[in-house]
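The file entry11.pdb contains PDB, C-alpha atoms and all ligand atoms:
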```pdb
ATOM      1  CA  MET A   1      49.767 -31.239  69.360
ATOM      2  CA  PHE A   2      49.711 -32.053  73.051
ATOM      3  CA  SER A   3      51.112 -29.153  75.094
ATOM      4  CA  GLN A   4      53.927 -31.126  76.706
ATOM      5  CA  VAL A   5      55.058 -32.459  73.338
ATOM      6  CA  ALA A   6      55.411 -28.887  72.143
ATOM      7  CA  GLN A   7      57.271 -27.984  75.319
ATOM      8  CA  ASN A   8      59.639 -30.845  74.689
ATOM      9  CA  VAL A   9      60.413 -29.484  71.224
ATOM     10  CA  ALA A  10      61.254 -26.122  72.812
ATOM     11  CA  ASP A  11      63.439 -27.907  75.379
ATOM     12  CA  ARG A  12      65.394 -29.622  72.626
ATOM     13  CA  LEU A  13      65.888 -26.373  70.768
ATOM     14  CA  PHE A  14      67.089 -24.709  73.966
ATOM     15  CA  LYS A  15      69.524 -27.564  74.578
ATOM     16  CA  SER A  16      71.010 -27.392  71.096
ATOM     17  CA  VAL A  17      71.458 -23.615  71.249
ATOM     18  CA  LYS A  18      73.020 -23.950  74.693
ATOM     19  CA  GLY A  19      75.278 -26.715  73.385
ATOM     20  CA  MET A  20      76.451 -24.445  70.595
ATOM     21  CA  MET A  21      77.200 -21.602  73.045
ATOM     22  CA  LEU A  22      79.182 -23.913  75.321
ATOM     23  CA  LYS A  23      81.204 -25.213  72.379
ATOM     24  CA  LYS A  24      81.942 -21.690  71.196
ATOM     25  CA  LYS A  25      82.990 -20.665  74.686
ATOM     26  CA  ALA A  26      85.365 -23.607  74.777
ATOM     27  CA  GLY A  27      86.894 -22.318  71.566
ATOM     28  CA  LYS A  28      85.462 -25.047  69.348
ATOM     29  CA  ILE A  29      83.795 -24.509  66.023
ATOM     30  CA  ALA A  30      80.011 -24.709  66.252
ATOM     31  CA  GLY A  31      77.288 -23.574  63.913
ATOM     32  CA  PHE A  32      73.819 -22.366  64.769
ATOM     33  CA  PRO A  33      71.346 -25.283  64.949
ATOM     34  CA  ARG A  34      69.769 -25.650  61.546
ATOM     35  CA  PHE A  35      66.076 -25.382  60.933
ATOM     36  CA  LYS A  36      64.481 -28.805  60.664
ATOM     37  CA  PRO A  37      61.558 -29.306  58.350
ATOM     38  CA  ILE A  38      58.996 -31.916  59.383
ATOM     39  CA  GLU A  39      60.719 -34.569  57.187
ATOM     40  CA  ARG A  40      63.822 -34.259  59.302
ATOM     41  CA  MET A  41      61.995 -34.612  62.573
ATOM     42  CA  LYS A  42      62.911 -38.055  63.845
ATOM     43  CA  SER A  43      61.045 -38.196  67.129
ATOM     44  CA  PHE A  44      58.817 -36.440  69.594
ATOM     45  CA  ALA A  45      58.280 -37.105  73.258
ATOM     46  CA  TYR A  46      55.630 -37.225  75.942
ATOM     47  CA  PRO A  47      57.695 -36.458  79.035
ATOM     48  CA  GLN A  48      54.971 -37.141  81.621
ATOM     49  CA  PHE A  49      51.473 -37.875  80.394
ATOM     50  CA  GLY A  50      49.183 -37.537  77.419
ATOM     51  CA  PHE A  51      49.349 -41.204  76.428
ATOM     52  CA  LYS A  52      47.610 -44.433  77.354
ATOM     53  CA  LEU A  53      48.701 -47.971  76.598
ATOM     54  CA  ASN A  54      46.060 -50.655  76.194
ATOM     55  CA  GLN A  55      45.488 -52.863  73.161
ATOM     56  CA  LYS A  56      46.124 -49.693  71.209
ATOM     57  CA  LEU A  57      48.307 -46.740  72.008
ATOM     58  CA  GLY A  58      46.271 -43.662  72.798
ATOM     59  CA  LEU A  59      48.068 -40.406  72.085
ATOM     60  CA  SER A  60      46.627 -37.095  73.149
ATOM     61  CA  GLY A  61      46.007 -35.013  70.044
ATOM     62  CA  MET A  62      46.219 -38.029  67.742
ATOM     63  CA  GLY A  63      43.808 -40.677  68.975
ATOM     64  CA  ALA A  64      44.242 -44.440  69.289
ATOM     65  CA  ILE A  65      46.937 -46.046  67.161
ATOM     66  CA  GLN A  66      47.369 -49.718  66.302
ATOM     67  CA  ILE A  67      50.552 -51.130  67.759
ATOM     68  CA  LYS A  68      52.516 -54.347  67.892
ATOM     69  CA  LYS A  69      53.343 -54.875  71.525
ATOM     70  CA  HIS A  70      56.672 -56.691  71.764
ATOM     71  CA  ARG A  71      56.465 -57.342  75.486
ATOM     72  CA  GLU A  72      54.680 -56.373  78.643
ATOM     73  CA  ILE A  73      56.218 -53.326  80.194
ATOM     74  CA  ALA A  74      57.562 -53.827  83.707
ATOM     75  CA  GLY A  75      57.326 -51.159  86.353
ATOM     76  CA  THR A  76      55.696 -47.754  86.202
ATOM     77  CA  ILE A  77      55.819 -46.072  82.817
ATOM     78  CA  LYS A  78      57.325 -42.598  83.049
ATOM     79  CA  THR A  79      57.915 -41.246  79.561
ATOM     80  CA  LEU A  80      57.083 -42.082  75.970
ATOM     81  CA  THR A  81      59.045 -41.235  72.848
ATOM     82  CA  ILE A  82      57.631 -41.806  69.383
ATOM     83  CA  LYS A  83      60.387 -42.413  66.896
ATOM     84  CA  ARG A  84      60.404 -42.667  63.139
ATOM     85  CA  MET A  85      63.129 -44.679  61.432
ATOM     86  CA  PRO A  86      64.413 -43.716  57.960
ATOM     87  CA  SER A  87      62.958 -47.028  56.761
ATOM     88  CA  GLY A  88      59.517 -45.650  57.541
ATOM     89  CA  LYS A  89      58.891 -47.731  60.675
ATOM     90  CA  TRP A  90      57.546 -46.071  63.774
ATOM     91  CA  PHE A  91      58.473 -47.060  67.314
ATOM     92  CA  ALA A  92      56.981 -46.243  70.689
ATOM     93  CA  ILE A  93      59.724 -46.217  73.318
ATOM     94  CA  PHE A  94      58.725 -46.297  76.955
ATOM     95  CA  THR A  95      60.936 -45.654  79.919
ATOM     96  CA  SER A  96      59.750 -47.140  83.159
ATOM     97  CA  GLU A  97      60.848 -47.241  86.724
ATOM     98  CA  ILE A  98      61.399 -50.633  88.327
ATOM     99  CA  GLY A  99      62.452 -51.413  91.860
ATOM    100  CA  GLU A 100      65.964 -52.545  92.639
ATOM    101  CA  LYS A 101      66.641 -56.117  91.684
ATOM    102  CA  GLN A 102      68.192 -58.667  93.985
ATOM    103  CA  VAL A 103      71.722 -59.229  92.809
ATOM    104  CA  SER A 104      72.872 -62.815  92.883
ATOM    105  CA  GLN A 105      76.254 -63.614  94.362
ATOM    106  CA  LYS A 106      78.660 -65.562  92.222
ATOM    107  CA  ASP A 107      82.047 -67.152  92.513
ATOM    108  CA  ILE A 108      84.869 -64.836  91.665
ATOM    109  CA  LEU A 109      85.756 -65.369  88.053
ATOM    110  CA  PRO A 110      87.708 -62.483  86.568
ATOM    111  CA  VAL A 111      88.379 -61.966  82.899
ATOM    112  CA  GLY A 112      90.167 -59.413  80.739
ATOM    113  CA  ILE A 113      88.750 -58.500  77.327
ATOM    114  CA  ASP A 114      90.654 -57.168  74.367
ATOM    115  CA  LEU A 115      88.390 -55.819  71.647
ATOM    116  CA  GLY A 116      89.889 -56.182  68.215
ATOM    117  CA  ILE A 117      89.279 -56.058  64.528
ATOM    118  CA  GLU A 118      90.476 -59.517  63.532
ATOM    119  CA  HIS A 119      88.235 -61.039  66.210
ATOM    120  CA  PHE A 120      85.495 -59.132  67.956
ATOM    121  CA  ALA A 121      87.008 -59.941  71.326
ATOM    122  CA  TYR A 122      89.780 -62.002  72.844
ATOM    123  CA  LEU A 123      89.340 -63.035  76.473
ATOM    124  CA  SER A 124      92.221 -63.545  78.861
ATOM    125  CA  ASP A 125      91.210 -67.197  79.373
ATOM    126  CA  GLY A 126      91.741 -67.888  75.696
ATOM    127  CA  THR A 127      88.133 -67.628  74.538
ATOM    128  CA  ILE A 128      87.671 -65.963  71.177
ATOM    129  CA  VAL A 129      84.492 -64.128  70.259
ATOM    130  CA  GLU A 130      84.355 -63.922  66.485
ATOM    131  CA  ASN A 131      82.619 -61.274  64.471
ATOM    132  CA  PRO A 132      79.479 -63.028  63.264
ATOM    133  CA  ARG A 133      79.475 -63.798  59.572
ATOM    134  CA  HIS A 134      75.923 -62.613  59.000
ATOM    135  CA  LEU A 135      77.087 -59.129  59.976
ATOM    136  CA  LYS A 136      79.544 -59.132  57.111
ATOM    137  CA  LYS A 137      76.783 -60.167  54.731
ATOM    138  CA  ALA A 138      74.569 -57.335  55.911
ATOM    139  CA  GLU A 139      77.487 -54.934  55.542
ATOM    140  CA  GLU A 140      78.005 -56.027  51.956
ATOM    141  CA  LYS A 141      74.341 -55.565  51.221
ATOM    142  CA  LEU A 142      74.481 -52.050  52.657
ATOM    143  CA  ARG A 143      77.546 -51.213  50.598
ATOM    144  CA  LYS A 144      75.816 -52.398  47.427
ATOM    145  CA  THR A 145      72.716 -50.311  48.018
ATOM    146  CA  GLN A 146      74.867 -47.295  48.845
ATOM    147  CA  HIS A 147      76.764 -47.732  45.612
ATOM    148  CA  ARG A 148      73.521 -47.884  43.647
ATOM    149  CA  LEU A 149      72.318 -44.743  45.378
ATOM    150  CA  SER A 150      75.464 -42.899  44.356
ATOM    151  CA  LYS A 151      74.635 -43.545  40.691
ATOM    152  CA  LYS A 152      71.213 -41.900  40.837
ATOM    153  CA  ASN A 153      70.515 -38.329  39.777
ATOM    154  CA  ARG A 154      69.903 -35.794  42.495
ATOM    155  CA  GLY A 155      66.268 -35.064  43.111
ATOM    156  CA  SER A 156      65.053 -37.983  40.991
ATOM    157  CA  LYS A 157      62.397 -40.489  41.963
ATOM    158  CA  ASN A 158      64.816 -43.343  41.499
ATOM    159  CA  ARG A 159      67.151 -41.704  43.966
ATOM    160  CA  LYS A 160      64.365 -41.556  46.508
ATOM    161  CA  LYS A 161      63.691 -45.263  46.026
ATOM    162  CA  ALA A 162      67.379 -46.107  46.289
ATOM    163  CA  LYS A 163      67.658 -44.017  49.443
ATOM    164  CA  PHE A 164      64.844 -45.990  51.000
ATOM    165  CA  LYS A 165      66.641 -49.234  50.194
ATOM    166  CA  VAL A 166      69.789 -47.941  51.861
ATOM    167  CA  ALA A 167      67.755 -47.051  54.940
ATOM    168  CA  ILE A 168      66.330 -50.571  55.135
ATOM    169  CA  ALA A 169      69.728 -52.214  54.653
ATOM    170  CA  TYR A 170      71.214 -49.959  57.292
ATOM    171  CA  GLU A 171      68.472 -50.731  59.755
ATOM    172  CA  LYS A 172      68.883 -54.461  59.240
ATOM    173  CA  LEU A 173      72.610 -54.222  59.799
ATOM    174  CA  SER A 174      72.323 -52.173  62.962
ATOM    175  CA  ASN A 175      69.587 -54.442  64.326
ATOM    176  CA  ARG A 176      71.769 -57.474  63.796
ATOM    177  CA  ARG A 177      74.802 -55.802  65.272
ATOM    178  CA  ARG A 178      72.886 -54.685  68.335
ATOM    179  CA  ASP A 179      71.444 -58.155  68.754
ATOM    180  CA  PHE A 180      74.960 -59.615  68.686
ATOM    181  CA  LEU A 181      76.262 -57.042  71.164
ATOM    182  CA  HIS A 182      73.340 -57.664  73.534
ATOM    183  CA  LYS A 183      73.781 -61.428  73.472
ATOM    184  CA  THR A 184      77.545 -61.279  73.855
ATOM    185  CA  SER A 185      77.474 -58.822  76.744
ATOM    186  CA  ARG A 186      74.740 -60.836  78.464
ATOM    187  CA  LYS A 187      76.803 -64.035  78.245
ATOM    188  CA  LEU A 188      79.860 -62.308  79.615
ATOM    189  CA  VAL A 189      78.165 -60.842  82.676
ATOM    190  CA  GLU A 190      76.499 -64.169  83.382
ATOM    191  CA  ASN A 191      79.711 -66.154  83.171
ATOM    192  CA  TYR A 192      82.177 -63.823  84.827
ATOM    193  CA  SER A 193      82.040 -61.775  87.979
ATOM    194  CA  PHE A 194      84.783 -59.307  87.161
ATOM    195  CA  ILE A 195      85.379 -57.933  83.688
ATOM    196  CA  ALA A 196      88.313 -55.731  82.785
ATOM    197  CA  MET A 197      88.408 -53.827  79.542
ATOM    198  CA  GLU A 198      90.126 -50.878  77.991
ATOM    199  CA  ASN A 199      88.735 -47.437  78.539
ATOM    200  CA  LEU A 200      88.310 -46.683  74.871
ATOM    201  CA  ASN A 201      88.283 -43.121  73.846
ATOM    202  CA  THR A 202      86.596 -43.862  70.550
ATOM    203  CA  ASN A 203      86.327 -40.194  69.710
ATOM    204  CA  GLY A 204      90.071 -39.869  69.766
ATOM    205  CA  MET A 205      90.729 -43.204  68.108
ATOM    206  CA  ALA A 206      88.207 -42.954  65.344
ATOM    207  CA  ARG A 207      90.014 -40.053  63.768
ATOM    208  CA  GLY A 208      92.835 -42.325  62.694
ATOM    209  CA  PHE A 209      92.944 -44.527  59.638
ATOM    210  CA  LEU A 210      91.092 -47.323  61.397
ATOM    211  CA  ALA A 211      88.109 -45.007  61.743
ATOM    212  CA  LYS A 212      85.543 -46.986  59.846
ATOM    213  CA  SER A 213      86.137 -50.375  61.345
ATOM    214  CA  ILE A 214      86.304 -48.987  64.875
ATOM    215  CA  LEU A 215      82.961 -47.290  64.572
ATOM    216  CA  ASP A 216      81.495 -50.328  62.878
ATOM    217  CA  CYS A 217      82.522 -52.679  65.643
ATOM    218  CA  GLY A 218      80.255 -50.833  68.030
ATOM    219  CA  TRP A 219      82.802 -50.976  70.847
ATOM    220  CA  ALA A 220      81.434 -47.974  72.659
ATOM    221  CA  GLU A 221      77.944 -49.406  72.506
ATOM    222  CA  PHE A 222      79.237 -52.760  73.703
ATOM    223  CA  SER A 223      81.071 -51.209  76.623
ATOM    224  CA  GLY A 224      77.901 -49.380  77.633
ATOM    225  CA  MET A 225      75.821 -52.560  77.450
ATOM    226  CA  LEU A 226      78.360 -54.507  79.490
ATOM    227  CA  ARG A 227      78.311 -51.929  82.234
ATOM    228  CA  TYR A 228      74.578 -51.692  82.707
ATOM    229  CA  LYS A 229      74.072 -55.442  82.354
ATOM    230  CA  ALA A 230      76.866 -56.072  84.841
ATOM    231  CA  GLU A 231      75.122 -53.982  87.441
ATOM    232  CA  GLU A 232      72.026 -56.186  87.256
ATOM    233  CA  ALA A 233      74.007 -59.409  87.235
ATOM    234  CA  GLY A 234      76.209 -58.644  90.216
ATOM    235  CA  CYS A 235      79.291 -58.380  88.081
ATOM    236  CA  GLU A 236      81.943 -55.694  88.226
ATOM    237  CA  VAL A 237      83.367 -53.941  85.180
ATOM    238  CA  ALA A 238      86.717 -52.174  85.428
ATOM    239  CA  LEU A 239      88.023 -49.836  82.764
ATOM    240  CA  VAL A 240      91.793 -49.587  82.498
ATOM    241  CA  GLU A 241      94.142 -47.254  80.687
ATOM    242  CA  PRO A 242      94.659 -48.653  77.195
ATOM    243  CA  ALA A 243      98.227 -47.439  76.825
ATOM    244  CA  LEU A 244     100.773 -50.152  75.983
ATOM    245  CA  THR A 245      98.449 -53.124  76.537
ATOM    246  CA  THR A 246      99.612 -54.605  73.247
ATOM    247  CA  ARG A 247     103.291 -53.765  73.544
ATOM    248  CA  THR A 248     103.812 -55.023  77.075
ATOM    249  CA  CYS A 249     104.668 -58.670  77.620
ATOM    250  CA  SER A 250     102.050 -60.161  79.940
ATOM    251  CA  ASN A 251     104.581 -62.583  81.365
ATOM    252  CA  CYS A 252     107.639 -60.479  82.128
ATOM    253  CA  GLY A 253     106.477 -56.895  81.686
ATOM    254  CA  SER A 254     109.017 -55.862  79.103
ATOM    255  CA  ILE A 255     107.858 -53.409  76.467
ATOM    256  CA  ARG A 256     108.512 -53.794  72.772
ATOM    257  CA  LYS A 257     107.139 -52.015  69.741
ATOM    258  CA  LYS A 258     104.859 -54.115  67.543
ATOM    259  CA  SER A 259     103.594 -53.409  64.073
ATOM    260  CA  LEU A 260      99.919 -53.947  63.336
ATOM    261  CA  ALA A 261     100.804 -56.883  61.110
ATOM    262  CA  GLU A 262     102.530 -58.730  63.945
ATOM    263  CA  ARG A 263      99.798 -61.078  65.124
ATOM    264  CA  TRP A 264     101.852 -63.245  67.470
ATOM    265  CA  HIS A 265     103.409 -62.121  70.726
ATOM    266  CA  LYS A 266     106.842 -63.635  71.236
ATOM    267  CA  CYS A 267     109.124 -62.522  74.002
ATOM    268  CA  ALA A 268     112.675 -63.230  75.063
ATOM    269  CA  CYS A 269     111.253 -64.516  78.356
ATOM    270  CA  GLY A 270     109.668 -67.427  76.535
ATOM    271  CA  ALA A 271     106.114 -66.122  76.337
ATOM    272  CA  SER A 272     104.431 -67.031  73.067
ATOM    273  CA  MET A 273     100.771 -66.363  72.427
ATOM    274  CA  HIS A 274      98.332 -64.514  70.212
ATOM    275  CA  ARG A 275      98.884 -60.767  70.266
ATOM    276  CA  ASP A 276      95.330 -60.106  71.465
ATOM    277  CA  LEU A 277      95.498 -62.763  74.185
ATOM    278  CA  ASN A 278      98.601 -61.029  75.513
ATOM    279  CA  ALA A 279      96.716 -57.737  75.527
ATOM    280  CA  ALA A 280      93.708 -59.293  77.270
ATOM    281  CA  ILE A 281      95.912 -60.664  80.060
ATOM    282  CA  ASN A 282      97.570 -57.274  80.447
ATOM    283  CA  ILE A 283      94.180 -55.621  80.726
ATOM    284  CA  LEU A 284      93.132 -58.052  83.449
ATOM    285  CA  ASN A 285      96.433 -57.612  85.303
ATOM    286  CA  ARG A 286      96.080 -53.897  85.250
ATOM    287  CA  ALA A 287      92.558 -54.016  86.627
ATOM    288  CA  THR A 288      93.176 -56.617  89.312
ATOM    289  CA  ALA A 289      96.222 -55.036  90.896
ATOM    290  CA  GLY A 290      95.572 -55.630  94.574
ATOM    291  CA  HIS A 291      92.767 -58.143  94.049
ATOM    292  CA  ALA A 292      93.112 -61.770  94.976
ATOM    293  CA  GLY A 293      94.488 -63.872  92.169
ATOM    294  CA  SER A 294      96.000 -60.889  90.421
ATOM    295  CA  ARG A 295      99.360 -60.900  88.786
ATOM    296  CA  ALA A 296     100.078 -57.410  89.987
ATOM    297  CA  ASP A 297     103.510 -58.635  91.081
ATOM    298  CA  ILE A 298     104.534 -58.306  87.468
ATOM    299  CA  PRO A 299     105.719 -54.791  86.766
ATOM    300  CA  ILE A 300     103.471 -53.689  83.952
ATOM    301  CA  TYR A 301     105.543 -50.648  83.177
ATOM    302  CA  GLY A 302     108.783 -52.149  84.424
ATOM    303  CA  MET A 303     111.567 -52.753  81.955
ATOM    304  CA  GLU A 304     113.123 -55.576  83.945
ATOM    305  CA  ALA A 305     112.518 -58.791  82.132
ATOM    306  CA  ARG A 306     111.864 -61.821  84.268
ATOM    307  CA  LYS A 307     114.111 -64.766  83.788
ATOM    308  CA  ALA A 308     112.521 -67.672  82.031
ATOM    309  CA  SER A 309     113.456 -69.974  84.910
ATOM    310  CA  GLU A 310     111.276 -67.978  87.295
ATOM    311  CA  GLU A 311     108.264 -68.498  85.112
ATOM    312  CA  GLU A 312     105.175 -69.855  86.798
ATOM    313  CA  THR A 313     101.888 -71.053  85.459
ATOM    314  CA  PRO A 314     100.021 -67.974  84.314
ATOM    315  CA  THR A 315      96.961 -67.477  86.463
ATOM    316  CA  HIS A 316      94.712 -67.071  83.476
ATOM    317  CA  LYS A 317      94.994 -70.801  82.831
ATOM    318  CA  LYS A 318      93.342 -71.513  86.141
ATOM    319  CA  TRP A 319      90.530 -69.185  85.235
ATOM    320  CA  ALA A 320      89.600 -71.004  82.054
ATOM    321  CA  SER A 321      85.865 -71.075  82.324
ATOM    322  CA  ALA A 322      83.874 -74.248  82.235
ATOM    323  CA  PHE A 323      81.436 -72.540  79.924
ATOM    324  CA  TYR A 324      83.882 -72.340  77.103
ATOM    325  CA  GLU A 325      86.304 -74.584  75.405
ATOM    326  CA  ARG A 326      89.655 -72.958  75.163
ATOM    327  CA  GLY A 327      90.122 -71.164  71.898
ATOM    328  CA  SER A 328      86.747 -72.038  70.452
ATOM    329  CA  PRO A 329      84.277 -69.361  69.428
ATOM    330  CA  ALA A 330      81.723 -70.476  71.979
ATOM    331  CA  LEU A 331      79.936 -67.174  72.157
TER     332      LEU A 331
HETATM  333 ZN    ZN A 401     108.226 -61.382  78.195
END
```
Can you dump the structure from the file as structure tokens?
Ligand SMILES: [Zn+2]
Amino acid sequence: MFSQVAQNVADRLFKSVKGMMLKKKAGKIAGFPRFKPIERMKSFAYPQFGFKLNQKLGLSGMGAIQIKKHREIAGTIKTLTIKRMPSGKWFAIFTSEIGEKQVSQKDILPVGIDLGIEHFAYLSDGTIVENPRHLKKAEEKLRKTQHRLSKKNRGSKNRKKAKFKVAIAYEKLSNRRRDFLHKTSRKLVENYSFIAMENLNTNGMARGFLAKSILDCGWAEFSGMLRYKAEEAGCEVALVEPALTTRTCSNCGSIRKKSLAERWHKCACGASMHRDLNAAINILNRATAGHAGSRADIPIYGMEARKASEEETPTHKKWASAFYERGSPAL
């Protein structure tokens, strides 16, 4: 083993012990890091050198290894991590340093995004991003293999085989989901210059009964992708407090309790729209308070309902993007 790889293992151990101590100090329950046999080792890292990338990947202590190079690596390579997936595939992950990119200037086109379960996302200009159907298929496949695994005897060979099948199904699903999230976030940062979304505390939310679907949607991952992609594309992402975005009327600001089954927002002020569209507009309003074109004049927390006669054209109509047809799943 190359010396720095071994050092990296020690670093990780130190980090996990330190993490446990910090948790205990904070009064949380934390166990001592468990011993990991070699089968449980998922990755190892070359933090500085000890590797060479040509047609093959040369690893100090291991020799040259055949690789499939997916793309040329831009910039100066800094670190290498070798990762093993449960499906048995190995990956070489490089991090590299690249110079700052020129950010292109765009017209101001703000949008609010409401992430949901019925649709993946609802945009404040009326665009709907659906959950792709092939994801559901992959989910079903995963569920089937998991069910089969549950029927196998512990320690049996058949169980091992079934476990492998679960690993493959899981990998396929997460690859597809990530692909969808990458493409969707890319389109958004290319088409809009200002994106407002809820600051989702998925840790807190996932404990509720919606746990599974929230984690499955990959919202946290999506939010992360949006933010780093936005930086490159000259787009701004604003995170707003999620409280009451669904209950507040985006037109008059009045607040009313809604059950989860209530899919349509209808208000005494005359506003009538999809529940998630209402939320998306609220999210945008909250983020653009003070910006040009904002509807910050509407009291978001105010209880005073506007009179229907005072109603004006909602600004979000003007922002309907040329890239999408209103209401169609263009993404
Ligand atoms: Zn209203």
Evaluate the PyMOL selection byres (((not hetatm)) within 6 of (chain A and resi 401)) on the structure here and hand back the selected residues as a PDB file with C-alpha atoms, in the frame of the given file.
```pdb
ATOM      1  CA  CYS A 249     104.668 -58.670  77.620  1.00  0.00           C
ATOM      2  CA  ASN A 251     104.581 -62.583  81.365  1.00  0.00           C
ATOM      3  CA  CYS A 252     107.639 -60.479  82.128  1.00  0.00           C
ATOM      4  CA  GLY A 253     106.477 -56.895  81.686  1.00  0.00           C
ATOM      5  CA  SER A 254     109.017 -55.862  79.103  1.00  0.00           C
ATOM      6  CA  CYS A 267     109.124 -62.522  74.002  1.00  0.00           C
ATOM      7  CA  ALA A 268     112.675 -63.230  75.063  1.00  0.00           C
ATOM      8  CA  CYS A 269     111.253 -64.516  78.356  1.00  0.00           C
ATOM      9  CA  ALA A 271     106.114 -66.122  76.337  1.00  0.00           C
TER      10      ALA A 271
END
```
* To do: Write out as a VMD selection string each polymer residue whose atoms come within 8 Å of region 105-120 of chain A, counting all atoms listed in the file; drop sequence neighbours fewer than 2 positions from it.
  => chain A and resid 103 122 to 125 128 to 131 191 to 198 213 to 214 217 219 234 276 to 277 279 to 285 319
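The gap separating CA of Lys69 (chain A) from CA of Lys141 (chain A) is 29.2 Å, in Å to one decimal.
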* To do: Rounded to one decimal place, report the CA of Met41 (chain A)-CA of Gln7 (chain A) distance in Å.
  => 15.1 Å
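Closest approach to Tyr228 (chain A) among A:Ser250, A:Thr81, A:Thr245, A:Ser185 is made by A:Ser185 (distances from only C-alpha atoms).
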Output check: residues returned by the PyMOL selection byres (((chain A and resi 74) around 10) and not hetatm), as a PDB file with C-alpha atoms, keeping the file's coordinate frame:
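Output file part_11.pdb is given in full below:
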```pdb
ATOM      1  CA  ARG A  71      56.465 -57.342  75.486  1.00  0.00           C
ATOM      2  CA  GLU A  72      54.680 -56.373  78.643  1.00  0.00           C
ATOM      3  CA  ILE A  73      56.218 -53.326  80.194  1.00  0.00           C
ATOM      4  CA  GLY A  75      57.326 -51.159  86.353  1.00  0.00           C
ATOM      5  CA  THR A  76      55.696 -47.754  86.202  1.00  0.00           C
ATOM      6  CA  ILE A  77      55.819 -46.072  82.817  1.00  0.00           C
ATOM      7  CA  THR A  95      60.936 -45.654  79.919  1.00  0.00           C
ATOM      8  CA  SER A  96      59.750 -47.140  83.159  1.00  0.00           C
ATOM      9  CA  GLU A  97      60.848 -47.241  86.724  1.00  0.00           C
ATOM     10  CA  ILE A  98      61.399 -50.633  88.327  1.00  0.00           C
ATOM     11  CA  GLY A  99      62.452 -51.413  91.860  1.00  0.00           C
TER      12      GLY A  99
END
```
